[in-house]
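Peer 1: Input: one structure, supplied below.
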Amino acid sequence: MTNVPAALVLIVLLSACQDTSAPRTPARVPEEPATVLQISAGLNHTCAVKSDNTLLCWGDTGSGESEVPGDLGRVATVDAGRGRTCAIRSDGILRCWGNDAGGTTVPAGMSGVSQVSSGGFHICALRNDRALSCWGSNAVLQSEVPDDVDEVEQVSAGYGHTCVVRSNRTLRCWGYDHLGQATPPGDIGEVIAVSAAFYHTCAVTAAGTVVCWGSNALGQAAVPEGLASVKQVSAGYGHTCALKTDGTVICWGFDSDGQARVPPGLDSVSAISAGFYHTCALKSDATVVCWGSNAYGQSAVPAEISANPAR
C-alpha cells in the first residue's frame with residue numbers, strides 16, 4: 001500500500017467534516033419605505049400619520065411640538081401648527097401638545113372629532129355632527145364661532161382668522177381682517193376647500209379653480225394665470241401651493257428658502273401641505289417629499305417614509 005502523507009490525510013478529513021448544507025446568510029434586501037396616510041407641515045416641524053396609525057414628527061421641538069406623547073395611541077389625522085401639534089385619535093379623541101399659547105388644553109368633553117386646525121393662537125375642531133368648536137385666544141374674535149355657522153364640512157384656522165366651508169358649499173370667515181384675509185370675494189361661487197394662512201386665504205372652487213384674497217405683499221395671493229383642474233390648495237406663511245388632478249404641484253409667492261420651488265419631476269402627488277418656510281407632499285405611493293427651509297430639520301424626511309431614502 002502506498003504511503004499517504006499525514007498532512008494530506010488531515011486535509012481530506014477536515015474537508016469531509018465541513019457542513020456544505022448549512023444555510024448561507026442571505027444578501028440584505030433594502031427595506032421599503034413605510035407608507036403614510038397623511039402629512040402636515042407646521043411652523044418649523046412636520047408630522048406624518050403612518051399606515052399603522054402611529055404618528056411620526058420631526059424638526060423643531062423647542063416647545064415639544066415634535067415629541068409625540070408615548071400614550072397617544074392610534075392616530076387618524078394630524079395638524080402641525082405654530083409650535084404645537086394636534087392629533088385626532090382613531091376613537092375621535094383630540095390630543096394637542098407643544099406651545100400652549102394657542103390653547104393646547106383641549107376643552108373637556110371634546111369627543112367625536114373628525115377635523116382639527118391649529119391657527120396662530122387658537123385651535124378649531126370639527127365634530128362628526130358637523131358642529132364647530134374653537135378655543136384659545138379670542139383677541140380678534142377668531143375663536144368666536146358665528147351663530148349662523150352650522151353644517152360645517154371643513155375648517156381652516158389662520159394666524160388670527162378662521163374660515164369654514166359649509167355643506168351647501170358656501171364659505172364663511174371671521175376674525176382678524178386688517179388685510180381682507182377674512183373677507184372672501186363676493187363672486188367666489190361654490191367652494192369645496194379652503195386654506196387660511198397668515199395674512200391671506202385661498203379656496204378651491206367647484207370648477208377646479210383657485211381664488212386667493214388678503215395680503216399679496218409676497219405674491220402669495222397672485223394665482224398663476226390659467227391655473228385649473230385643482231383639487232387641493234395649501235396656503236403657507238408667504239407662499240401657496242396647489243395640487244392638480246393630474247398629481248402635479250404648482251407653488252407661488254415667497255421663495256426665500258425654496259419653499260415655492262417644486263422639485264423637478266415631482267408627480268403622482270396625492271396631498272400637499274405648505275408650512276411657514278417649507279412644503280411637503282404625499283405621493284400616491286404613500287411616501288413623502290419635503291423641500292424649502294431645513295433650519296430645524298423640518299424638511300429632512302426620515303428615511304423610513306421618504307420617497308428618496310438615503311441608504
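To be explicit about the labels: the chains of the C-alpha cells are called A, B, and onward in the order shown, and within each one the residues are counted from 1, while ligands get numbers from 1 in the order they are shown.
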Please report, as a PDB file with N, CA and C atoms, in the first residue's frame, each residue of stretch 8-249 of chain A to which DSSP assigns alpha helix (DSSP H) when run on this structure's backbone.

Peer 2:
```pdb
ATOM      1  N   LEU A   8      -1.686  15.310   4.128  1.00  0.00           N
ATOM      2  CA  LEU A   8      -2.748  15.179   3.128  1.00  0.00           C
ATOM      3  C   LEU A   8      -3.969  14.508   3.735  1.00  0.00           C
ATOM      4  N   VAL A   9      -3.734  13.508   4.574  1.00  0.00           N
ATOM      5  CA  VAL A   9      -4.844  12.816   5.255  1.00  0.00           C
ATOM      6  C   VAL A   9      -5.624  13.806   6.105  1.00  0.00           C
ATOM      7  N   LEU A  10      -4.931  14.681   6.792  1.00  0.00           N
ATOM      8  CA  LEU A  10      -5.582  15.666   7.666  1.00  0.00           C
ATOM      9  C   LEU A  10      -6.459  16.625   6.859  1.00  0.00           C
ATOM     10  N   ILE A  11      -5.956  17.067   5.679  1.00  0.00           N
ATOM     11  CA  ILE A  11      -6.723  17.982   4.828  1.00  0.00           C
ATOM     12  C   ILE A  11      -8.001  17.313   4.358  1.00  0.00           C
ATOM     13  N   VAL A  12      -7.915  16.053   3.961  1.00  0.00           N
ATOM     14  CA  VAL A  12      -9.081  15.307   3.480  1.00  0.00           C
ATOM     15  C   VAL A  12     -10.108  15.161   4.572  1.00  0.00           C
ATOM     16  N   LEU A  13      -9.646  14.834   5.791  1.00  0.00           N
ATOM     17  CA  LEU A  13     -10.560  14.649   6.920  1.00  0.00           C
ATOM     18  C   LEU A  13     -11.278  15.948   7.265  1.00  0.00           C
ATOM     19  N   LEU A  14     -10.538  17.067   7.261  1.00  0.00           N
ATOM     20  CA  LEU A  14     -11.136  18.349   7.589  1.00  0.00           C
ATOM     21  C   LEU A  14     -12.190  18.731   6.550  1.00  0.00           C
ATOM     22  N   SER A  15     -11.917  18.469   5.271  1.00  0.00           N
ATOM     23  CA  SER A  15     -12.854  18.788   4.209  1.00  0.00           C
ATOM     24  C   SER A  15     -14.123  17.967   4.357  1.00  0.00           C
ATOM     25  N   ALA A  16     -13.998  16.723   4.763  1.00  0.00           N
ATOM     26  CA  ALA A  16     -15.145  15.838   4.920  1.00  0.00           C
ATOM     27  C   ALA A  16     -16.032  16.285   6.064  1.00  0.00           C
ATOM     28  N   CYS A  17     -15.439  16.963   7.045  1.00  0.00           N
ATOM     29  CA  CYS A  17     -16.200  17.406   8.227  1.00  0.00           C
ATOM     30  C   CYS A  17     -16.973  18.690   7.989  1.00  0.00           C
TER      31      CYS A  17
END
```

Peer 1: Skipping near chain neighbours, those fewer than 3 positions away, what residues fall within 12 Å of stretch 253-257 of chain A using only C-alpha atoms, listed as number ranges by chain?

Peer 2: A: 200, 212, 215-224, 235-242, 250, 260-262, 274-279, 291-295, 299

Peer 1: Can you list, as a ChimeraX atom specification, every protein, DNA or RNA residue that comes within 10 Å of stretch 52-57 of chain A when you count only C-alpha atoms, leaving out same-chain residues fewer than 6 positions away?

Peer 2: /A:34-41,45-46,65-69,72-78,80,85,87,89-90,298,301-302,305

Peer 1: For the residues in the current selection, export N, CA and C atoms as a compact mmCIF listing (two decimals), in the first residue's frame.

Peer 2:
```
# COMPACT_ATOMS: atom_id res chain seq x y z
N ALA A 34 -41.87 52.98 4.75
CA ALA A 34 -43.18 52.79 5.36
C ALA A 34 -44.18 53.70 4.65
N THR A 35 -45.42 53.27 4.57
CA THR A 35 -46.42 54.08 3.89
C THR A 35 -47.04 55.09 4.84
N VAL A 36 -47.52 56.19 4.27
CA VAL A 36 -48.06 57.31 5.05
C VAL A 36 -49.49 57.59 4.62
N LEU A 37 -50.33 57.88 5.59
CA LEU A 37 -51.73 58.19 5.32
C LEU A 37 -51.98 59.68 5.18
N GLN A 38 -51.22 60.49 5.94
CA GLN A 38 -51.46 61.94 5.92
C GLN A 38 -50.20 62.67 6.35
N ILE A 39 -50.03 63.89 5.84
CA ILE A 39 -48.85 64.70 6.14
C ILE A 39 -49.30 66.10 6.52
N SER A 40 -48.56 66.75 7.44
CA SER A 40 -48.88 68.13 7.83
C SER A 40 -47.60 68.88 8.16
N ALA A 41 -47.40 70.02 7.47
CA ALA A 41 -46.22 70.86 7.69
C ALA A 41 -46.61 72.04 8.58
N HIS A 45 -41.75 72.36 11.97
CA HIS A 45 -41.74 70.90 12.15
C HIS A 45 -42.78 70.29 11.21
N THR A 46 -42.70 68.97 11.08
CA THR A 46 -43.58 68.24 10.18
C THR A 46 -44.02 66.96 10.87
N GLU A 65 -43.20 70.30 20.31
CA GLU A 65 -44.16 70.02 19.25
C GLU A 65 -43.87 68.75 18.46
N SER A 66 -42.60 68.33 18.42
CA SER A 66 -42.24 67.12 17.67
C SER A 66 -42.12 65.89 18.57
N GLU A 67 -42.38 66.07 19.85
CA GLU A 67 -42.27 64.96 20.81
C GLU A 67 -43.64 64.30 20.94
N VAL A 68 -43.84 63.22 20.22
CA VAL A 68 -45.12 62.52 20.23
C VAL A 68 -45.34 61.84 21.60
N PRO A 69 -46.45 62.12 22.26
CA PRO A 69 -46.71 61.50 23.57
C PRO A 69 -46.70 59.98 23.48
N LEU A 72 -50.17 58.27 23.22
CA LEU A 72 -51.09 58.84 22.24
C LEU A 72 -52.03 57.79 21.64
N GLY A 73 -51.52 56.61 21.36
CA GLY A 73 -52.34 55.57 20.77
C GLY A 73 -52.46 55.72 19.27
N ARG A 74 -53.46 55.07 18.69
CA ARG A 74 -53.66 55.07 17.25
C ARG A 74 -54.20 56.42 16.79
N VAL A 75 -53.62 56.93 15.70
CA VAL A 75 -53.96 58.27 15.21
C VAL A 75 -54.63 58.19 13.84
N ALA A 76 -55.66 59.02 13.66
CA ALA A 76 -56.37 59.08 12.38
C ALA A 76 -55.88 60.24 11.53
N THR A 77 -55.65 61.41 12.15
CA THR A 77 -55.20 62.59 11.40
C THR A 77 -54.42 63.52 12.32
N VAL A 78 -53.58 64.38 11.71
CA VAL A 78 -52.72 65.26 12.49
C VAL A 78 -52.71 66.65 11.85
N ALA A 80 -50.07 69.96 12.19
CA ALA A 80 -48.88 70.58 12.77
C ALA A 80 -49.03 72.09 12.63
N THR A 85 -48.76 70.72 18.07
CA THR A 85 -49.29 69.65 17.22
C THR A 85 -50.59 69.16 17.82
N ALA A 87 -53.52 66.02 17.25
CA ALA A 87 -53.80 64.76 16.58
C ALA A 87 -55.16 64.22 17.02
N ARG A 89 -57.20 60.98 17.52
CA ARG A 89 -57.02 59.54 17.65
C ARG A 89 -58.10 58.80 16.86
N SER A 90 -57.87 57.52 16.66
CA SER A 90 -58.82 56.71 15.90
C SER A 90 -60.17 56.61 16.58
N GLN A 298 -36.88 70.28 9.53
CA GLN A 298 -38.27 70.05 9.19
C GLN A 298 -38.50 69.49 7.79
N VAL A 301 -36.89 64.52 5.63
CA VAL A 301 -37.85 63.42 5.81
C VAL A 301 -37.13 62.16 6.29
N PRO A 302 -37.59 61.55 7.38
CA PRO A 302 -36.97 60.31 7.85
C PRO A 302 -36.95 59.26 6.74
N ILE A 305 -39.93 56.92 5.60
CA ILE A 305 -41.11 57.34 4.87
C ILE A 305 -40.76 58.21 3.65
```

Peer 1: From the list A:Ser156, A:Thr205, A:Ser167, A:Asn138, which residue is nearest A:Val116 when using only C-alpha atoms?

Peer 2: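 Of A:Ser156, A:Thr205, A:Ser167, A:Asn138, the one nearest A:Val116, counting only C-alpha atoms, is A:Ser156.
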